[in-house]
>>> print(open('query.txt').read())   # compact mmCIF, C-alpha atoms (C1' of nucleotides)
# COMPACT_ATOMS: atom_id res chain seq x y z
CA MET A 1 -32.02 -6.78 2.65
CA THR A 2 -31.98 -4.65 5.73
CA LEU A 3 -30.99 -1.08 6.24
CA ILE A 4 -27.73 -1.89 7.87
CA ASP A 5 -26.76 -4.66 5.48
CA ARG A 6 -27.57 -2.74 2.37
CA ARG A 7 -24.65 -0.93 0.86
CA VAL A 8 -24.94 2.72 1.60
CA ARG A 9 -26.00 4.65 -1.44
CA GLY A 10 -23.08 6.16 -3.18
CA SER A 11 -20.52 4.86 -0.79
CA ARG A 12 -19.50 1.40 0.26
CA SER A 13 -18.50 2.37 3.74
CA GLY A 14 -20.53 0.80 6.48
CA ARG A 15 -19.71 3.57 8.93
CA PRO A 16 -22.71 4.59 10.98
CA VAL A 17 -22.47 8.26 10.20
CA MET A 18 -22.41 7.46 6.50
CA MET A 19 -25.43 5.26 6.84
CA LEU A 20 -27.20 8.05 8.61
CA LEU A 21 -26.20 10.66 6.06
CA ASP A 22 -27.38 8.34 3.34
CA LEU A 23 -30.71 7.85 5.00
CA LEU A 24 -31.20 11.52 5.78
CA GLY A 25 -29.97 12.54 2.37
CA ARG A 26 -32.93 11.02 0.62
CA ARG A 27 -35.55 13.45 -0.52
CA TRP A 28 -38.13 14.34 2.12
CA THR A 29 -36.57 12.28 4.87
CA LEU A 30 -35.40 15.17 7.01
CA ARG A 31 -38.62 16.96 6.31
CA VAL A 32 -40.75 14.06 7.45
CA LEU A 33 -38.81 13.80 10.68
CA TRP A 34 -39.16 17.51 11.16
CA GLU A 35 -42.90 17.48 10.64
CA LEU A 36 -43.25 14.76 13.23
CA ARG A 37 -41.46 16.85 15.85
CA GLY A 38 -44.75 17.72 17.51
CA GLU A 39 -47.76 15.52 17.83
CA PRO A 40 -48.22 12.31 15.83
CA LEU A 41 -49.57 12.71 12.32
CA ASN A 42 -51.42 10.20 10.26
CA PHE A 43 -50.49 9.38 6.71
CA ARG A 44 -52.51 12.04 5.00
CA ALA A 45 -51.77 14.71 7.55
CA LEU A 46 -48.11 13.99 7.13
CA GLN A 47 -48.49 14.18 3.38
CA ALA A 48 -50.23 17.52 3.71
CA ALA A 49 -47.61 18.83 6.12
CA CYS A 50 -44.99 17.99 3.54
CA SER A 51 -46.84 20.09 1.00
CA GLY A 52 -48.40 17.19 -0.79
CA MET A 53 -45.42 14.94 -1.36
CA SER A 54 -46.44 11.91 -3.32
CA PRO A 55 -47.84 9.07 -1.28
CA SER A 56 -45.60 6.51 -2.89
CA VAL A 57 -42.49 8.28 -1.70
CA LEU A 58 -44.00 9.01 1.69
CA ASN A 59 -44.78 5.37 2.09
CA GLN A 60 -41.26 4.44 1.10
CA ARG A 61 -39.75 6.96 3.51
CA LEU A 62 -41.95 5.78 6.33
CA ALA A 63 -40.80 2.23 5.70
CA GLU A 64 -37.17 3.29 5.80
CA LEU A 65 -37.66 5.37 8.92
CA ARG A 66 -39.50 2.57 10.63
CA GLU A 67 -36.76 0.15 9.73
CA ALA A 68 -34.28 2.62 11.17
CA ARG A 69 -36.40 2.77 14.33
CA LEU A 70 -36.78 6.49 14.08
CA VAL A 71 -40.50 6.43 13.43
CA GLU A 72 -43.19 4.08 14.58
CA PRO A 73 -46.92 3.72 14.17
CA ALA A 74 -48.84 5.29 17.03
CA ASP A 75 -52.43 5.46 18.04
CA ALA A 76 -53.04 8.57 16.03
CA GLY A 77 -50.84 7.84 13.05
CA TYR A 78 -47.07 8.00 13.05
CA ALA A 79 -44.79 9.30 15.73
CA LEU A 80 -41.12 9.61 16.42
CA THR A 81 -39.55 6.91 18.51
CA VAL A 82 -37.39 7.79 21.47
CA ARG A 83 -34.37 7.53 19.19
CA GLY A 84 -36.11 9.68 16.63
CA ARG A 85 -36.66 12.35 19.22
CA GLU A 86 -33.06 12.15 20.29
CA LEU A 87 -31.98 12.70 16.72
CA LEU A 88 -34.39 15.54 16.22
CA ALA A 89 -33.23 17.14 19.44
CA LEU A 90 -29.77 17.22 17.96
CA PHE A 91 -31.24 19.27 15.13
CA GLU A 92 -32.60 21.88 17.48
CA PRO A 93 -29.39 23.95 17.36
CA VAL A 94 -29.27 23.45 13.62
CA SER A 95 -32.65 25.06 13.28
CA ARG A 96 -31.56 28.03 15.31
CA TRP A 97 -28.37 28.30 13.31
CA ALA A 98 -30.41 28.33 10.11
CA GLU A 99 -32.15 31.50 11.20
CA THR A 100 -29.00 33.57 11.32
CA TRP A 101 -27.64 31.83 8.25
CA ALA A 102 -30.65 32.87 6.19
CA ARG A 103 -30.53 36.37 7.58
CA ASP A 104 -26.88 36.70 6.64
CA LEU A 105 -27.48 35.38 3.16
CA ARG A 106 -30.10 38.02 2.56
CA GLY A 107 -28.16 40.83 4.14
CA MET B 1 -32.66 33.04 -9.25
CA THR B 2 -30.89 32.81 -5.98
CA LEU B 3 -30.95 30.17 -3.33
CA ILE B 4 -33.05 32.18 -0.97
CA ASP B 5 -35.47 33.44 -3.57
CA ARG B 6 -36.02 30.09 -5.16
CA ARG B 7 -38.99 28.23 -3.83
CA VAL B 8 -37.87 25.46 -1.60
CA ARG B 9 -38.09 22.12 -3.30
CA GLY B 10 -41.27 20.38 -2.40
CA SER B 11 -42.53 23.07 -0.14
CA ARG B 12 -43.41 26.68 -0.66
CA SER B 13 -42.41 27.77 2.79
CA GLY B 14 -39.55 30.21 2.92
CA ARG B 15 -38.63 29.27 6.45
CA PRO B 16 -34.89 29.05 6.96
CA VAL B 17 -34.90 25.61 8.44
CA MET B 18 -36.88 24.36 5.47
CA MET B 19 -34.45 25.93 3.08
CA LEU B 20 -31.64 24.26 4.90
CA LEU B 21 -33.33 20.88 4.98
CA ASP B 22 -34.03 21.23 1.30
CA LEU B 23 -30.42 22.01 0.57
CA LEU B 24 -29.05 19.27 2.78
CA GLY B 25 -31.62 16.81 1.53
CA ARG B 26 -30.15 16.74 -1.94
CA ARG B 27 -28.09 13.74 -2.74
CA TRP B 28 -24.44 13.98 -1.70
CA THR B 29 -24.77 17.38 -0.08
CA LEU B 30 -24.28 16.25 3.48
CA ARG B 31 -21.59 13.91 2.34
CA VAL B 32 -19.65 16.64 0.60
CA LEU B 33 -19.78 18.82 3.68
CA TRP B 34 -18.68 15.90 5.77
CA GLU B 35 -15.72 15.13 3.55
CA LEU B 36 -14.57 18.71 3.80
CA ARG B 37 -14.52 18.58 7.59
CA GLY B 38 -10.74 18.23 7.59
CA GLU B 39 -8.34 19.81 5.18
CA PRO B 40 -9.42 21.42 1.90
CA LEU B 41 -9.90 19.07 -1.02
CA ASN B 42 -9.71 19.86 -4.67
CA PHE B 43 -12.38 18.83 -7.12
CA ARG B 44 -11.03 15.41 -7.95
CA ALA B 45 -10.02 14.59 -4.42
CA LEU B 46 -13.49 15.48 -3.30
CA GLN B 47 -14.94 13.33 -6.02
CA ALA B 48 -12.77 10.44 -4.90
CA ALA B 49 -13.65 10.97 -1.25
CA CYS B 50 -17.28 10.69 -2.20
CA SER B 51 -16.61 7.33 -3.79
CA GLY B 52 -16.57 8.62 -7.31
CA MET B 53 -19.75 10.64 -7.43
CA SER B 54 -20.31 12.01 -10.87
CA PRO B 55 -18.57 15.28 -11.60
CA SER B 56 -21.71 16.90 -12.95
CA VAL B 57 -23.50 16.46 -9.65
CA LEU B 58 -20.46 17.40 -7.65
CA ASN B 59 -20.17 20.57 -9.64
CA GLN B 60 -23.82 21.32 -9.09
CA ARG B 61 -23.54 20.69 -5.36
CA LEU B 62 -20.47 22.84 -5.07
CA ALA B 63 -22.30 25.66 -6.80
CA GLU B 64 -25.21 25.35 -4.39
CA LEU B 65 -22.95 25.16 -1.37
CA ARG B 66 -20.98 28.14 -2.53
CA GLU B 67 -24.13 30.11 -3.08
CA ALA B 68 -25.17 29.13 0.43
CA ARG B 69 -21.79 30.35 1.69
CA LEU B 70 -21.01 27.03 3.26
CA VAL B 71 -18.14 26.20 0.96
CA GLU B 72 -15.64 28.42 -0.78
CA PRO B 73 -12.68 27.97 -3.08
CA ALA B 74 -9.41 27.85 -1.21
CA ASP B 75 -5.79 27.73 -2.16
CA ALA B 76 -5.77 23.99 -2.24
CA GLY B 77 -9.21 23.37 -3.64
CA TYR B 78 -12.43 23.75 -1.72
CA ALA B 79 -12.89 24.39 1.96
CA LEU B 80 -15.67 25.01 4.39
CA THR B 81 -16.41 28.60 5.22
CA VAL B 82 -16.69 29.72 8.81
CA ARG B 83 -20.42 29.17 8.57
CA GLY B 84 -19.85 25.78 7.03
CA ARG B 85 -17.70 24.81 9.97
CA GLU B 86 -20.32 26.05 12.37
CA LEU B 87 -22.89 23.88 10.68
CA LEU B 88 -20.64 20.88 10.63
CA ALA B 89 -19.82 21.39 14.28
CA LEU B 90 -23.50 21.05 14.99
CA PHE B 91 -23.30 17.63 13.35
CA GLU B 92 -20.60 16.46 15.70
CA PRO B 93 -23.12 15.14 18.26
CA VAL B 94 -25.12 13.63 15.43
CA SER B 95 -22.15 11.57 14.40
CA ARG B 96 -21.67 10.31 17.92
CA TRP B 97 -25.34 9.52 18.20
CA ALA B 98 -25.15 7.52 14.99
CA GLU B 99 -22.67 5.16 16.58
CA THR B 100 -25.02 3.97 19.27
CA TRP B 101 -27.92 4.04 16.86
CA ALA B 102 -26.20 1.63 14.50
CA ARG B 103 -25.12 -0.58 17.36
CA ASP B 104 -28.66 -0.77 18.65
CA LEU B 105 -30.04 -1.57 15.23
CA ARG B 106 -27.71 -4.51 14.89
CA GLY B 107 -28.22 -5.79 18.40
C1' DC C 1 9.07 26.01 -28.02
C1' DT C 2 6.63 21.02 -27.37
C1' DC C 3 4.96 17.47 -24.51
C1' DC C 4 2.74 15.72 -20.74
C1' DA C 5 0.37 15.22 -16.44
C1' DG C 6 -2.96 17.33 -13.37
C1' DT C 7 -6.95 19.99 -12.74
C1' DG C 8 -11.75 22.02 -12.97
C1' DC C 9 -15.39 21.17 -15.27
C1' DT C 10 -18.88 20.13 -19.32
C1' DA C 11 -21.66 17.04 -22.54
C1' DC C 12 -24.64 13.62 -23.12
C1' DG C 13 -27.02 9.23 -23.37
C1' DA C 14 -28.54 5.80 -19.83
C1' DT C 15 -30.58 4.70 -15.49
C1' DA C 16 -32.97 5.51 -11.26
C1' DA C 17 -35.72 8.39 -8.15
C1' DT C 18 -39.56 11.07 -7.66
C1' DC C 19 -43.95 13.02 -9.03
C1' DG C 20 -49.07 13.48 -9.68
C1' DA C 21 -53.34 11.78 -10.20
C1' DA C 22 -56.30 8.18 -9.78
C1' DG C 23 -58.07 4.68 -7.38
C1' DC C 24 -58.40 0.32 -4.37
C1' DA C 25 -59.35 -1.76 0.14
C1' DT C 26 -60.67 -1.49 4.72
C1' DA C 27 -62.80 0.43 8.96
C1' DG C 28 -66.00 3.10 11.18
C1' DT C 29 -70.52 5.81 11.26
C1' DG C 30 -75.24 6.80 10.48
C1' DC D 1 -76.93 0.14 2.94
C1' DA D 2 -74.42 4.79 1.76
C1' DC D 3 -70.74 7.76 3.07
C1' DT D 4 -66.42 9.35 4.87
C1' DA D 5 -61.77 8.79 6.30
C1' DT D 6 -57.67 6.43 6.00
C1' DG D 7 -53.54 3.76 4.51
C1' DC D 8 -51.65 2.73 0.74
C1' DT D 9 -50.81 1.02 -4.41
C1' DT D 10 -50.40 1.63 -9.36
C1' DC D 11 -48.55 3.63 -13.31
C1' DG D 12 -47.16 6.78 -16.88
C1' DA D 13 -44.60 11.28 -16.90
C1' DT D 14 -40.96 14.05 -15.31
C1' DT D 15 -36.70 15.07 -13.00
C1' DA D 16 -32.36 13.87 -10.75
C1' DT D 17 -28.48 11.38 -10.84
C1' DC D 18 -25.01 8.43 -13.03
C1' DG D 19 -20.93 7.12 -15.79
C1' DT D 20 -17.98 7.85 -19.34
C1' DA D 21 -15.69 10.65 -22.30
C1' DG D 22 -13.44 14.51 -23.17
C1' DC D 23 -12.47 19.72 -23.43
C1' DA D 24 -9.77 23.74 -21.82
C1' DC D 25 -6.39 25.45 -19.08
C1' DT D 26 -2.03 25.42 -16.24
C1' DG D 27 2.56 24.43 -14.82
C1' DG D 28 6.68 21.98 -15.13
C1' DA D 29 10.13 19.09 -17.76
C1' DG D 30 12.79 18.54 -21.67
>>> encode(input="query.txt", output="structure tokens")
Amino acid sequence: MTLIDRRVRGSRSGRPVMMLLDLLGRRWTLRVLWELRGEPLNFRALQAACSGMSPSVLNQRLAELREARLVEPADAGYALTVRGRELLALFEPVSRWAETWARDLRG
Amino acid sequence: MTLIDRRVRGSRSGRPVMMLLDLLGRRWTLRVLWELRGEPLNFRALQAACSGMSPSVLNQRLAELREARLVEPADAGYALTVRGRELLALFEPVSRWAETWARDLRG
DNA sequence: CTCCAGTGCTACGATAATCGAAGCATAGTG
DNA sequence: CACTATGCTTCGATTATCGTAGCACTGGAG
């Protein structure tokens, strides 16, 4: 059962954006992508970067992200694919937005 | 214990982007924001739009999103705040990207 | 007034996702 | 051979989410 055939969790719509939200909405998924924004990380480095998330879940997330062609094995561990970098680039403004958001919440 | 004081789930970093990823990484959160992109929806309409997610979780998510000032009660139910709309606007390109992503995965 | 439908939300037992620690298997090095 | 590093698996414990039922309140109709 592939990523795109599988019913999207919680919804039955096959719309791409829903599929993506479903994928990204799983615990740690966004974080893993984020941690791979720089250089490739191997399994344990990635686990450490994600503050010690359990290896079973990391393994599961890596499988999902590989199936989604957002992450791929590299020489030195795991790296974002071109698509993965595209997606992450779209999160660049989000990260900047988060700065002012957090500041406003505090103030 | 407020959103910004609470340790971020799975990490102990207080960095804004991590807080945001933590918030958005909870099940249904992105979906709820997405469903509110148009007109305000009341509790049950929102529940229906999210394919019948359980009311307990919806209530919890709404509380979190309200605390994060992304969603607020409106005349006709719940609506995005200005900040919420800003955030969602940043997801506009993501949605478009998802279209080609899904197409490529299939092909 | 009573009745009823609509609404926001809570309670709670059942199920599924995630966690944490331990450890296995393999590859490379000395 | 011993030793380290790595990718990953296993499994019992904990936490999140689900689904159904229903409570409390409101507003309008009769």
>>> closest_atom_pairs(input="query.txt", of="region 2-98 of chain A", to="region 8-29 of chain C", cutoff="9 Å", atoms="all atoms listed in the file", output="Markdown table")
| residue | atom | partner | partner_atom | distance |
| --- | --- | --- | --- | --- |
| A:Arg27 | CA | C:DT18 | C1' | 8.5 |
| A:Met53 | CA | C:DC19 | C1' | 8.0 |
| A:Ser54 | CA | C:DC19 | C1' | 6.3 |
| A:Ser56 | CA | C:DT18 | C1' | 8.9 |
| A:Val57 | CA | C:DT18 | C1' | 7.2 |
>>> write_last_selection(input="query.txt", atoms="C-alpha atoms", output="CSV table (one decimal), keeping the file's coordinate frame")
chain,number,residue,atom,x,y,z
A,27,ARG,CA,-35.6,13.4,-0.5
A,53,MET,CA,-45.4,14.9,-1.4
A,54,SER,CA,-46.4,11.9,-3.3
A,56,SER,CA,-45.6,6.5,-2.9
A,57,VAL,CA,-42.5,8.3,-1.7
>>> interface_residues(input="query.txt", of="chain D", to="chain B", cutoff="8 Å", atoms="only C-alpha atoms (C1' of nucleotides)", output="ChimeraX atom specification")
/D:17-19
>>> closest_residue(input="query.txt", among="A:Leu24, A:Leu58, A:Leu65, A:Leu88", to="chain C", atoms="all atoms listed in the file")
A:Leu58
>>> interface_residues(input="query.txt", of="chain A", to="chain B", cutoff="9 Å", atoms="all atoms listed in the file", output="PyMOL selection string")
chain A and resi 4+10-12+15-22+24-31+50-53+67-69+83+86-87+90-91+93-103+105-106
>>> decode(input="query.txt", residues="chain C", atoms="C-alpha atoms (C1' of nucleotides)", output="compact mmCIF listing (two decimals), in the first residue's frame")
# COMPACT_ATOMS: atom_id res chain seq x y z
C1' DC C 1 -44.85 28.42 29.77
C1' DT C 2 -43.20 23.75 27.17
C1' DC C 3 -40.98 21.52 23.47
C1' DC C 4 -37.58 20.95 20.25
C1' DA C 5 -33.62 21.58 17.39
C1' DG C 6 -28.96 23.39 17.24
C1' DT C 7 -24.77 24.29 19.47
C1' DG C 8 -20.35 23.99 22.24
C1' DC C 9 -18.36 20.88 24.62
C1' DT C 10 -17.35 16.88 28.18
C1' DA C 11 -16.89 11.88 29.72
C1' DC C 12 -15.10 7.71 29.11
C1' DG C 13 -13.83 3.15 27.53
C1' DA C 14 -11.41 1.39 23.32
C1' DT C 15 -7.80 1.67 19.99
C1' DA C 16 -3.63 3.31 17.93
C1' DA C 17 0.66 5.98 18.01
C1' DT C 18 4.65 6.90 20.32
C1' DC C 19 8.17 6.17 23.80
C1' DG C 20 12.41 4.29 26.09
C1' DA C 21 15.63 1.06 26.81
C1' DA C 22 17.84 -2.79 25.33
C1' DG C 23 19.94 -5.22 22.03
C1' DC C 24 20.94 -7.51 17.35
C1' DA C 25 23.51 -7.53 13.00
C1' DT C 26 26.82 -5.76 10.05
C1' DA C 27 30.92 -3.12 8.53
C1' DG C 28 35.16 -1.19 9.31
C1' DT C 29 39.59 -0.70 12.15
C1' DG C 30 43.50 -2.05 14.73
